[in-house]
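S.K.: Structure file upload16.txt (compact mmCIF, C-alpha atoms and all ligand atoms) is given on the next line.
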# COMPACT_ATOMS: atom_id res chain seq x y z
CA MET Q 1 11.11 -1.67 -27.91
CA THR Q 2 8.42 -4.25 -27.11
CA ASN Q 3 5.84 -3.76 -24.36
CA VAL Q 4 7.63 -6.36 -22.27
CA ASP Q 5 11.00 -4.57 -22.60
CA GLN Q 6 9.35 -1.31 -21.68
CA ALA Q 7 7.60 -2.87 -18.70
CA VAL Q 8 10.86 -4.32 -17.36
CA LEU Q 9 12.60 -0.98 -17.88
CA GLU Q 10 9.88 0.93 -16.06
CA ARG Q 11 9.93 -1.53 -13.23
CA GLY Q 12 13.66 -1.11 -12.75
CA ARG Q 13 13.34 -4.69 -11.65
CA VAL Q 14 15.50 -7.67 -12.23
CA ALA Q 15 14.53 -9.78 -15.20
CA THR Q 16 12.69 -12.96 -14.21
CA ALA Q 17 14.44 -15.05 -16.85
CA GLN Q 18 18.21 -15.47 -16.75
CA ALA Q 19 20.01 -14.31 -19.90
CA PRO Q 20 21.49 -17.31 -21.82
CA LEU Q 21 25.28 -17.57 -21.76
CA PRO Q 22 27.23 -17.57 -25.03
CA ALA Q 23 27.61 -21.10 -26.44
CA GLU Q 24 31.43 -21.11 -26.08
CA HIS Q 25 31.07 -21.06 -22.28
CA GLY Q 26 29.70 -24.59 -22.39
CA PRO Q 27 27.00 -26.09 -20.17
CA ARG Q 28 29.14 -26.14 -16.98
CA LEU Q 29 29.45 -22.35 -16.70
CA ARG Q 30 25.90 -21.62 -15.64
CA GLN Q 31 24.83 -18.42 -13.93
CA LYS Q 32 24.69 -18.74 -10.15
CA ARG Q 33 21.13 -19.25 -8.98
CA VAL Q 34 19.89 -16.69 -6.48
CA ARG Q 35 17.50 -17.50 -3.69
CA PRO Q 36 14.72 -16.62 -3.42
CA ALA Q 37 14.30 -16.61 -7.19
CA ASN Q 38 13.46 -13.29 -8.84
CA TRP Q 39 10.04 -14.53 -9.89
CA VAL Q 40 9.25 -15.36 -6.21
CA LEU Q 41 10.11 -11.79 -5.21
CA ASN Q 42 8.07 -10.27 -8.07
CA ALA Q 43 5.08 -12.50 -7.24
CA THR Q 44 5.34 -11.65 -3.51
CA ALA Q 45 5.45 -7.91 -4.31
CA ALA Q 46 2.45 -8.25 -6.64
CA VAL Q 47 0.27 -10.38 -4.32
CA THR Q 48 0.98 -8.30 -1.19
CA GLY Q 49 0.57 -5.07 -3.20
CA THR Q 50 -2.83 -6.28 -4.42
CA LEU Q 51 -3.90 -7.16 -0.85
CA LEU Q 52 -2.83 -3.74 0.45
CA ALA Q 53 -4.56 -1.94 -2.43
CA LEU Q 54 -7.74 -3.91 -1.65
CA PHE Q 55 -7.46 -2.97 2.01
CA VAL Q 56 -7.11 0.77 1.35
CA THR Q 57 -10.02 0.67 -1.11
CA ILE Q 58 -12.35 -1.08 1.36
CA HIS Q 59 -11.11 1.17 4.20
CA MET Q 60 -11.85 4.24 2.08
CA VAL Q 61 -15.43 3.03 1.44
CA GLY Q 62 -15.86 2.56 5.22
CA ASN Q 63 -14.39 6.02 5.89
CA LEU Q 64 -17.11 7.55 3.70
CA LYS Q 65 -19.56 6.69 6.51
CA VAL Q 66 -18.14 9.63 8.46
CA PHE Q 67 -20.23 11.91 6.22
CA ALA Q 68 -23.37 10.08 7.44
CA GLY Q 69 -22.80 11.38 10.97
CA ALA Q 70 -21.49 10.28 14.36
CA ASP Q 71 -24.01 7.46 14.98
CA ALA Q 72 -23.49 5.84 11.57
CA PHE Q 73 -19.68 6.01 11.83
CA ASN Q 74 -19.55 4.80 15.43
CA SER Q 75 -21.88 1.87 14.81
CA TYR Q 76 -19.79 0.93 11.75
CA ALA Q 77 -16.60 1.04 13.90
CA HIS Q 78 -18.33 -1.06 16.58
CA TRP Q 79 -19.51 -3.56 13.95
CA LEU Q 80 -15.88 -3.99 12.79
CA ARG Q 81 -15.04 -5.18 16.30
CA VAL Q 82 -17.90 -7.66 16.66
CA VAL Q 83 -18.35 -8.90 13.08
CA GLY Q 84 -18.53 -12.71 13.02
CA TYR Q 85 -19.92 -12.92 16.59
CA PRO Q 86 -21.48 -15.18 17.94
CA LEU Q 87 -20.15 -17.70 15.39
CA LEU Q 88 -16.62 -16.53 16.26
CA PRO Q 89 -15.35 -14.81 19.42
CA GLU Q 90 -15.65 -11.01 19.39
CA MET Q 91 -12.78 -9.20 17.63
CA SER Q 92 -11.47 -12.45 16.09
CA LEU Q 93 -12.12 -11.38 12.48
CA LEU Q 94 -10.58 -7.99 13.22
CA TRP Q 95 -7.45 -9.70 14.58
CA ILE Q 96 -7.25 -12.01 11.54
CA VAL Q 97 -7.35 -8.96 9.24
CA ARG Q 98 -4.74 -7.21 11.42
CA PHE Q 99 -2.34 -10.21 11.20
CA VAL Q 100 -2.85 -10.67 7.46
CA MET Q 101 -2.25 -6.95 6.81
CA ALA Q 102 0.82 -6.82 9.08
CA GLY Q 103 2.23 -9.89 7.28
CA ALA Q 104 1.46 -8.33 3.88
CA ILE Q 105 3.24 -5.09 4.83
CA ILE Q 106 6.36 -6.91 6.08
CA LEU Q 107 6.55 -9.19 3.01
CA HIS Q 108 5.88 -6.25 0.68
CA ILE Q 109 8.77 -4.24 2.14
CA TRP Q 110 11.10 -7.27 2.11
CA ALA Q 111 10.32 -8.22 -1.51
CA THR Q 112 10.40 -4.71 -2.97
CA LEU Q 113 13.64 -3.71 -1.22
CA LEU Q 114 15.37 -6.94 -2.32
CA ILE Q 115 14.12 -6.46 -5.90
CA ARG Q 116 15.49 -2.94 -5.86
CA TYR Q 117 18.84 -4.03 -4.44
CA ARG Q 118 19.24 -6.85 -6.98
CA GLY Q 119 18.19 -4.57 -9.85
CA ALA Q 120 20.77 -1.94 -8.84
CA LYS Q 121 23.49 -4.62 -8.48
CA GLN Q 122 22.62 -6.21 -11.83
CA ARG Q 123 22.71 -2.90 -13.69
CA GLY Q 124 25.81 -1.60 -11.86
CA ALA Q 125 27.96 0.67 -13.99
CA ARG Q 126 25.97 -0.28 -17.10
CA ARG Q 127 23.08 1.88 -15.90
CA SER Q 128 22.25 3.96 -18.94
CA PRO Q 129 20.75 7.48 -18.85
CA MET Q 130 17.59 5.96 -20.39
CA MET Q 131 17.21 3.63 -17.42
CA ARG Q 132 17.68 6.52 -15.01
CA ALA Q 133 14.89 8.39 -16.74
CA GLY Q 134 11.33 7.57 -15.79
CA SER Q 135 8.28 9.26 -14.42
CA ILE Q 136 8.59 11.13 -11.14
CA ILE Q 137 6.15 8.81 -9.38
CA SER Q 138 8.14 5.75 -10.45
CA ARG Q 139 11.33 7.26 -9.01
CA LEU Q 140 9.52 8.22 -5.81
CA MET Q 141 8.25 4.70 -5.00
CA LEU Q 142 10.75 4.20 -2.15
CA THR Q 143 10.04 7.66 -0.70
CA THR Q 144 6.23 7.35 -0.94
CA GLY Q 145 6.44 3.84 0.52
CA LEU Q 146 8.43 5.15 3.50
CA VAL Q 147 5.95 8.02 3.99
CA LEU Q 148 3.13 5.44 4.08
CA LEU Q 149 4.98 3.27 6.59
CA VAL Q 150 5.45 6.23 8.94
CA PHE Q 151 1.83 7.28 8.28
CA ILE Q 152 0.47 3.83 9.28
CA ILE Q 153 2.38 3.98 12.58
CA ILE Q 154 1.14 7.53 13.33
CA HIS Q 155 -2.41 6.59 12.25
CA ILE Q 156 -2.62 3.54 14.54
CA LEU Q 157 -1.19 5.51 17.51
CA ASP Q 158 -3.69 8.27 16.73
CA LEU Q 159 -7.02 6.55 15.99
CA THR Q 160 -6.66 2.94 17.18
CA THR Q 161 -4.64 3.09 20.41
CA GLY Q 162 -4.99 6.85 21.07
CA HIS Q 163 -1.39 7.28 22.31
CA ILE Q 164 -0.95 10.52 20.33
CA ASN Q 165 -4.56 11.69 20.50
CA GLY Q 166 -5.07 13.63 23.75
CA SER Q 167 -8.88 13.41 23.59
CA PHE Q 168 -9.02 9.69 22.73
CA LEU Q 169 -12.05 7.76 24.03
CA SER Q 170 -11.51 3.98 24.19
CA PRO Q 171 -14.23 1.73 22.82
CA THR Q 172 -16.36 -0.19 25.31
CA ALA Q 173 -18.00 -3.62 24.92
CA THR Q 174 -21.09 -1.97 23.42
CA GLU Q 175 -19.94 1.35 21.94
CA SER Q 176 -17.22 2.90 19.80
CA PHE Q 177 -16.21 6.57 19.69
CA ALA Q 178 -14.36 6.53 16.36
CA TYR Q 179 -16.19 9.68 15.17
CA GLU Q 180 -15.27 11.80 18.23
CA ASN Q 181 -11.64 10.54 18.07
CA LEU Q 182 -11.37 11.35 14.35
CA ILE Q 183 -12.76 14.90 14.77
CA ALA Q 184 -10.47 15.56 17.75
CA SER Q 185 -7.47 14.42 15.70
CA PHE Q 186 -8.24 16.33 12.49
CA GLN Q 187 -9.04 19.54 14.34
CA ARG Q 188 -5.26 19.79 14.94
CA PRO Q 189 -3.89 21.51 11.80
CA LEU Q 190 -0.60 19.59 12.05
CA PHE Q 191 -2.37 16.22 12.01
CA ALA Q 192 -4.77 17.28 9.25
CA GLY Q 193 -1.67 18.31 7.26
CA VAL Q 194 0.08 14.99 7.93
CA TYR Q 195 -2.98 13.08 6.69
CA VAL Q 196 -3.33 15.24 3.54
CA PHE Q 197 0.38 14.87 2.72
CA SER Q 198 0.25 11.10 3.32
CA MET Q 199 -2.78 10.75 1.04
CA LEU Q 200 -0.83 12.45 -1.77
CA ALA Q 201 1.92 9.89 -1.22
CA LEU Q 202 -0.74 7.15 -1.23
CA ALA Q 203 -2.10 8.34 -4.59
CA ALA Q 204 1.37 8.28 -6.18
CA HIS Q 205 2.26 4.88 -4.66
CA LEU Q 206 -1.05 3.30 -5.65
CA ILE Q 207 -0.99 4.63 -9.23
CA HIS Q 208 2.51 3.36 -9.99
CA GLY Q 209 2.16 0.27 -7.78
CA LEU Q 210 -0.88 -0.95 -9.73
CA TRP Q 211 1.04 -0.38 -12.94
CA LEU Q 212 3.91 -2.53 -11.64
CA ILE Q 213 1.51 -5.27 -10.58
CA ALA Q 214 0.35 -5.50 -14.21
CA THR Q 215 3.96 -6.08 -15.26
CA ASP Q 216 4.48 -8.74 -12.59
CA LEU Q 217 1.31 -10.53 -13.63
CA GLY Q 218 2.50 -10.51 -17.24
CA ILE Q 219 -0.21 -8.12 -18.43
CA THR Q 220 1.87 -6.67 -21.24
CA GLY Q 221 -0.57 -6.66 -24.17
CA GLY Q 222 -0.67 -3.40 -26.12
CA ARG Q 223 -4.44 -3.07 -25.75
CA ILE Q 224 -4.86 -3.97 -22.09
CA ARG Q 225 -2.05 -1.77 -20.73
CA PRO Q 226 -3.73 1.62 -21.39
CA ILE Q 227 -6.94 0.29 -19.80
CA TRP Q 228 -5.00 -0.93 -16.75
CA LYS Q 229 -3.22 2.43 -16.54
CA ALA Q 230 -6.56 4.25 -16.51
CA VAL Q 231 -7.88 1.92 -13.78
CA GLY Q 232 -4.75 2.48 -11.67
CA TYR Q 233 -4.94 6.26 -12.05
CA SER Q 234 -8.65 6.33 -11.21
CA LEU Q 235 -8.29 4.12 -8.13
CA GLY Q 236 -5.26 6.04 -6.84
CA VAL Q 237 -6.93 9.41 -7.31
CA VAL Q 238 -10.36 8.35 -5.92
CA VAL Q 239 -8.98 6.59 -2.81
CA ALA Q 240 -6.68 9.49 -1.97
CA ALA Q 241 -9.25 12.21 -2.77
CA VAL Q 242 -12.01 10.63 -0.64
CA ASN Q 243 -9.64 10.07 2.31
CA LEU Q 244 -8.13 13.52 1.93
CA SER Q 245 -11.57 15.17 1.93
CA ILE Q 246 -12.12 14.05 5.56
CA PRO Q 247 -9.35 16.06 7.31
CA VAL Q 248 -10.10 18.95 4.92
CA ALA Q 249 -13.82 18.84 5.85
CA VAL Q 250 -12.93 18.88 9.56
CA GLN Q 251 -10.54 21.82 9.10
CA LEU Q 252 -13.25 23.72 7.17
CA GLY Q 253 -15.81 22.97 9.91
CA VAL Q 254 -18.03 20.91 7.56
CA LEU Q 255 -17.54 17.92 9.87
CA ALA Q 256 -17.59 18.64 13.60
C1 LIG H 1 -7.92 10.24 5.94
C2 LIG H 1 -7.90 8.95 5.72
C3 LIG H 1 -8.24 7.93 6.77
C4 LIG H 1 -9.17 7.95 7.76
C5 LIG H 1 -10.18 9.05 8.06
C6 LIG H 1 -9.06 6.71 8.50
C7 LIG H 1 -9.82 6.36 9.59
C8 LIG H 1 -9.56 5.33 10.44
C9 LIG H 1 -10.19 5.09 11.71
C10 LIG H 1 -11.32 5.94 12.28
C11 LIG H 1 -9.62 4.00 12.27
C12 LIG H 1 -9.95 3.37 13.63
C13 LIG H 1 -11.14 2.45 13.52
C14 LIG H 1 -11.47 1.92 14.90
O1 LIG H 1 -12.21 2.57 15.61
O2 LIG H 1 -10.95 0.86 15.24
C15 LIG H 1 -8.61 3.53 11.36
C16 LIG H 1 -7.80 2.43 11.56
C17 LIG H 1 -6.84 2.00 10.66
N1 LIG H 1 -6.52 2.54 9.46
FE1 LIG H 1 -7.30 4.22 8.69
N2 LIG H 1 -8.07 5.96 7.92
C18 LIG H 1 -7.54 6.66 6.85
C19 LIG H 1 -6.55 6.25 5.98
C20 LIG H 1 -5.87 5.06 6.10
C21 LIG H 1 -4.88 4.57 5.15
C22 LIG H 1 -4.47 5.29 3.87
C23 LIG H 1 -4.42 3.39 5.63
C24 LIG H 1 -3.40 2.48 5.04
C25 LIG H 1 -2.35 2.89 4.34
C26 LIG H 1 -5.10 3.13 6.87
C27 LIG H 1 -4.89 2.04 7.66
C28 LIG H 1 -5.50 1.82 8.89
C29 LIG H 1 -5.15 0.75 9.78
C30 LIG H 1 -4.07 -0.32 9.52
C31 LIG H 1 -5.98 0.85 10.90
C32 LIG H 1 -5.98 -0.03 12.14
C33 LIG H 1 -7.12 -1.01 12.08
C34 LIG H 1 -7.14 -1.78 13.38
O3 LIG H 1 -6.21 -2.52 13.60
O4 LIG H 1 -8.08 -1.62 14.14
N3 LIG H 1 -5.97 4.14 7.12
N4 LIG H 1 -8.59 4.34 10.25
Please, can you express the file's structure as structure tokens?
M.R.:
Amino acid sequence: MTNVDQAVLERGRVATAQAPLPAEHGPRLRQKRVRPANWVLNATAAVTGTLLALFVTIHMVGNLKVFAGADAFNSYAHWLRVVGYPLLPEMSLLWIVRFVMAGAIILHIWATLLIRYRGAKQRGARRSPMMRAGSIISRLMLTTGLVLLVFIIIHILDLTTGHINGSFLSPTATESFAYENLIASFQRPLFAGVYVFSMLALAAHLIHGLWLIATDLGITGGRIRPIWKAVGYSLGVVVAAVNLSIPVAVQLGVLA
């Protein structure tokens, strides 16, 4: 099996190219074109996946500031609200990022679910045991994706709007209380547990997601694939481990 065959198999995705029909069918019996084309869906999944992976990586670097103390973390959170001012109105860059990320999440879900549906339809009864096999994380992509969707909703209600954080302090024009809100949230064992569980799902989704992006971008060379795999594993593990260390540190009393 070539690397490309293997990549398509692992993806469980629909092939981008249509299989040629036998010559006796003649030119008039072409396969029905589907819209949007499969390559559009694969490209959408790859581009939005890359954007989301970039976001979680940058967000993780920002989260590290929590270990520098309340003042450092709060001034970082305040800076996020005013960055770009006075060139741009306050919060405008934050709102641009919010819209881009919301759009990326919606498109990512749309493209990946449609790819999955088409792949299942295309394989139908021909689905061989070999195709059903695959690593656990590849088979858990839908589950880990759903966990992350629920996590994002909980997370925004917890640390951005404060609807499910009883001790939430809203930011003012000059100050942010992100540190106090985060500690109050993670001191609740249930919430600390939800964050830890979600970060495990994030690690699995990121590791396999980055692998799939390589396939979508046509990175199928025998030498580059192991390197890409190592990068994906490292990023998935580092992002999740750093994030996960925060609720754990609060539960252990290291952060208070
Ligand atoms: C334990 C890990 C995490 C911590 C400690 C954390 C921390 C925070 C904090 C403190 C805020 C509020 C910032 C503010 O004051 O406005 C925030 C917002 C946010 N976080 Fe996280 N985060 C974590 C993981 C994640 C992950 C994995 C994702 C994505 C899958 C994510 C997505 C978001 C989003 C979308 C917002 C809303 C940004 C906004 O609209 O203002 N976070 N996070």
S.K.: Which residues are near ligand LIG 1 (chain H) in this structure, taking near to mean any atom at most 7 Å from a ligand atom and counting all atoms listed in the file? Format them as JSON, numbers by chain.
M.R.: {"Q": [56, 59, 60, 63, 77, 94, 98, 148, 152, 155, 156, 159, 160, 176, 177, 178, 179, 182, 195, 199, 202, 243, 244, 246, 247]}
S.K.: CA of Ile105 (chain Q) and CA of Asn74 (chain Q), how far apart in Å?
M.R.: 27.0 Å
S.K.: I'd like the interatomic distance between CA of Arg116 (chain Q) and CA of Ala37 (chain Q), to a tenth of an Å.
M.R.: 13.8 Å
S.K.: Using all atoms listed in the file, determine which residues lie at most 8 Å from Asn42 (chain Q), disregarding the query and same-chain residues fewer than 5 positions distant; provide the list as a VMD selection string.
M.R.: chain Q and resid 111 to 112 115 216
S.K.: Mind giving me the straight-line distance from CA of Phe197 (chain Q) to CA of Asp158 (chain Q) in Å, one decimal?
M.R.: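 Here the two named atoms are 16.0 Å from each other.
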S.K.: Excluding same-chain residues fewer than 5 positions from Thr144 (chain Q), what lies within 8 Å of it counting only C-alpha atoms, as a list in words?
M.R.: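 Here the answer would be Ala201, Leu202, Ala204 and His205 of chain Q.
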S.K.: Given all atoms listed in the file as the basis, pick out the residue of Q:Val82, Q:Leu52, Q:Ala240, Q:Ile58 nearest to Pro171 (chain Q).
M.R.: Q:Val82
S.K.: Could region 203-214 of chain Q be completed with all heavy atoms and returned as a compact mmCIF listing (two decimals), keeping the file's coordinate frame?
M.R.:
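Final file, rebuild_15.txt:
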# COMPACT_ATOMS: atom_id res chain seq x y z
N ALA Q 203 -1.65 8.28 -3.19
CA ALA Q 203 -2.10 8.34 -4.59
C ALA Q 203 -0.95 7.95 -5.52
O ALA Q 203 -1.11 7.09 -6.39
CB ALA Q 203 -2.60 9.75 -4.93
N ALA Q 204 0.22 8.55 -5.31
CA ALA Q 204 1.37 8.28 -6.18
C ALA Q 204 1.77 6.81 -6.09
O ALA Q 204 2.02 6.14 -7.10
CB ALA Q 204 2.54 9.18 -5.79
N HIS Q 205 1.82 6.27 -4.86
CA HIS Q 205 2.26 4.88 -4.66
C HIS Q 205 1.28 3.90 -5.28
O HIS Q 205 1.67 2.92 -5.91
CB HIS Q 205 2.41 4.63 -3.15
CG HIS Q 205 3.35 3.51 -2.82
ND1 HIS Q 205 4.71 3.66 -2.77
CD2 HIS Q 205 3.12 2.20 -2.53
CE1 HIS Q 205 5.28 2.51 -2.47
NE2 HIS Q 205 4.33 1.60 -2.32
N LEU Q 206 -0.01 4.20 -5.11
CA LEU Q 206 -1.05 3.30 -5.65
C LEU Q 206 -1.02 3.31 -7.19
O LEU Q 206 -1.09 2.24 -7.82
CB LEU Q 206 -2.42 3.77 -5.19
CG LEU Q 206 -3.14 2.98 -4.12
CD1 LEU Q 206 -4.53 3.55 -3.89
CD2 LEU Q 206 -3.23 1.50 -4.44
N ILE Q 207 -0.95 4.51 -7.77
CA ILE Q 207 -0.99 4.63 -9.23
C ILE Q 207 0.16 3.83 -9.85
O ILE Q 207 -0.05 2.97 -10.71
CB ILE Q 207 -0.91 6.11 -9.66
CG1 ILE Q 207 -2.21 6.83 -9.32
CG2 ILE Q 207 -0.61 6.23 -11.15
CD1 ILE Q 207 -2.15 8.35 -9.48
N HIS Q 208 1.37 4.07 -9.37
CA HIS Q 208 2.51 3.36 -9.99
C HIS Q 208 2.56 1.91 -9.54
O HIS Q 208 2.93 1.02 -10.32
CB HIS Q 208 3.83 4.08 -9.70
CG HIS Q 208 4.93 3.60 -10.59
ND1 HIS Q 208 4.92 3.82 -11.96
CD2 HIS Q 208 6.04 2.88 -10.33
CE1 HIS Q 208 5.98 3.26 -12.49
NE2 HIS Q 208 6.68 2.68 -11.53
N GLY Q 209 2.15 1.64 -8.29
CA GLY Q 209 2.16 0.27 -7.78
C GLY Q 209 1.24 -0.63 -8.60
O GLY Q 209 1.60 -1.75 -8.96
N LEU Q 210 0.05 -0.14 -8.94
CA LEU Q 210 -0.88 -0.95 -9.73
C LEU Q 210 -0.32 -1.20 -11.13
O LEU Q 210 -0.52 -2.26 -11.72
CB LEU Q 210 -2.26 -0.28 -9.79
CG LEU Q 210 -3.01 -0.30 -8.46
CD1 LEU Q 210 -4.23 0.59 -8.50
CD2 LEU Q 210 -3.41 -1.71 -8.07
N TRP Q 211 0.40 -0.23 -11.63
CA TRP Q 211 1.04 -0.38 -12.94
C TRP Q 211 2.10 -1.49 -12.89
O TRP Q 211 2.22 -2.32 -13.78
CB TRP Q 211 1.67 0.98 -13.31
CG TRP Q 211 2.34 1.04 -14.63
CD1 TRP Q 211 3.66 1.27 -14.85
CD2 TRP Q 211 1.75 0.87 -15.92
NE1 TRP Q 211 3.92 1.26 -16.19
CE2 TRP Q 211 2.76 1.01 -16.87
CE3 TRP Q 211 0.45 0.60 -16.35
CZ2 TRP Q 211 2.54 0.91 -18.23
CZ3 TRP Q 211 0.21 0.49 -17.72
CH2 TRP Q 211 1.25 0.65 -18.63
N LEU Q 212 2.87 -1.50 -11.79
CA LEU Q 212 3.91 -2.53 -11.64
C LEU Q 212 3.31 -3.93 -11.47
O LEU Q 212 3.86 -4.91 -11.95
CB LEU Q 212 4.81 -2.21 -10.44
CG LEU Q 212 5.63 -0.92 -10.55
CD1 LEU Q 212 6.47 -0.71 -9.30
CD2 LEU Q 212 6.54 -0.97 -11.77
N ILE Q 213 2.17 -3.98 -10.78
CA ILE Q 213 1.51 -5.27 -10.58
C ILE Q 213 1.15 -5.87 -11.94
O ILE Q 213 1.31 -7.06 -12.18
CB ILE Q 213 0.26 -5.11 -9.68
CG1 ILE Q 213 0.70 -4.88 -8.23
CG2 ILE Q 213 -0.63 -6.35 -9.75
CD1 ILE Q 213 -0.42 -4.52 -7.28
N ALA Q 214 0.70 -5.01 -12.87
CA ALA Q 214 0.35 -5.50 -14.21
C ALA Q 214 1.56 -6.15 -14.87
O ALA Q 214 1.47 -7.22 -15.49
CB ALA Q 214 -0.15 -4.34 -15.07
